[in-house]
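Input: a single structure, listed below in structure tokens.
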Amino acid sequence: MALFHVRMDVDIPRDLDPDVRAETVAKEKAYSQDLQRQGKWREIWRIVGQYSNISIFDVESADELHEILWTLPLFPYMNIEVMPLTKHGSDIK
């Protein structure tokens, strides 16, 4: 498995139809919760005061993460920063 730290900043246009917005946000929530149940989206943390999150993904490869991110319903409205993670030499676990 490969771990990734992902920051997602969401910027939905203010003039987006409210029904489209609500439907897209609902799809995003359902999709992300399914990935959490599968163990692929291990952690999700809100950044206070922003429409942003920091997440930890545990996936087979960078290609799998790429596919997950590209299929997020809110992807067209996101700026995403991905950082691959590896064990630190001082970690005692």
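If you're wondering about the labels, chains in the structure tokens are A, B, ... by order shown, residues count from 1 in each chain, ligands from 1 in order shown.
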Selection near stretch 83-88 of chain A, 9 Å with only C-alpha atoms, sequence-local residues under 6 positions removed, as a PyMOL selection string: chain A and resi 2-7+62
Picked from stretch 9-82 of chain A by DSSP as alpha helix (DSSP H), as JSON, numbers by chain: {"A": [18, 19, 20, 21, 22, 23, 24, 25, 26, 27, 28, 29, 30, 31, 32, 33, 34, 35, 36, 37, 38, 62, 63, 64, 65, 66, 67, 68, 69, 70]}
Selected residue, from A:Met1, A:Leu65, A:Leu72, A:Val59, that lies nearest to A:Gln33 when counting only C-alpha atoms: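 Answer, going by the shortest atom-to-atom distance: A:Leu72.
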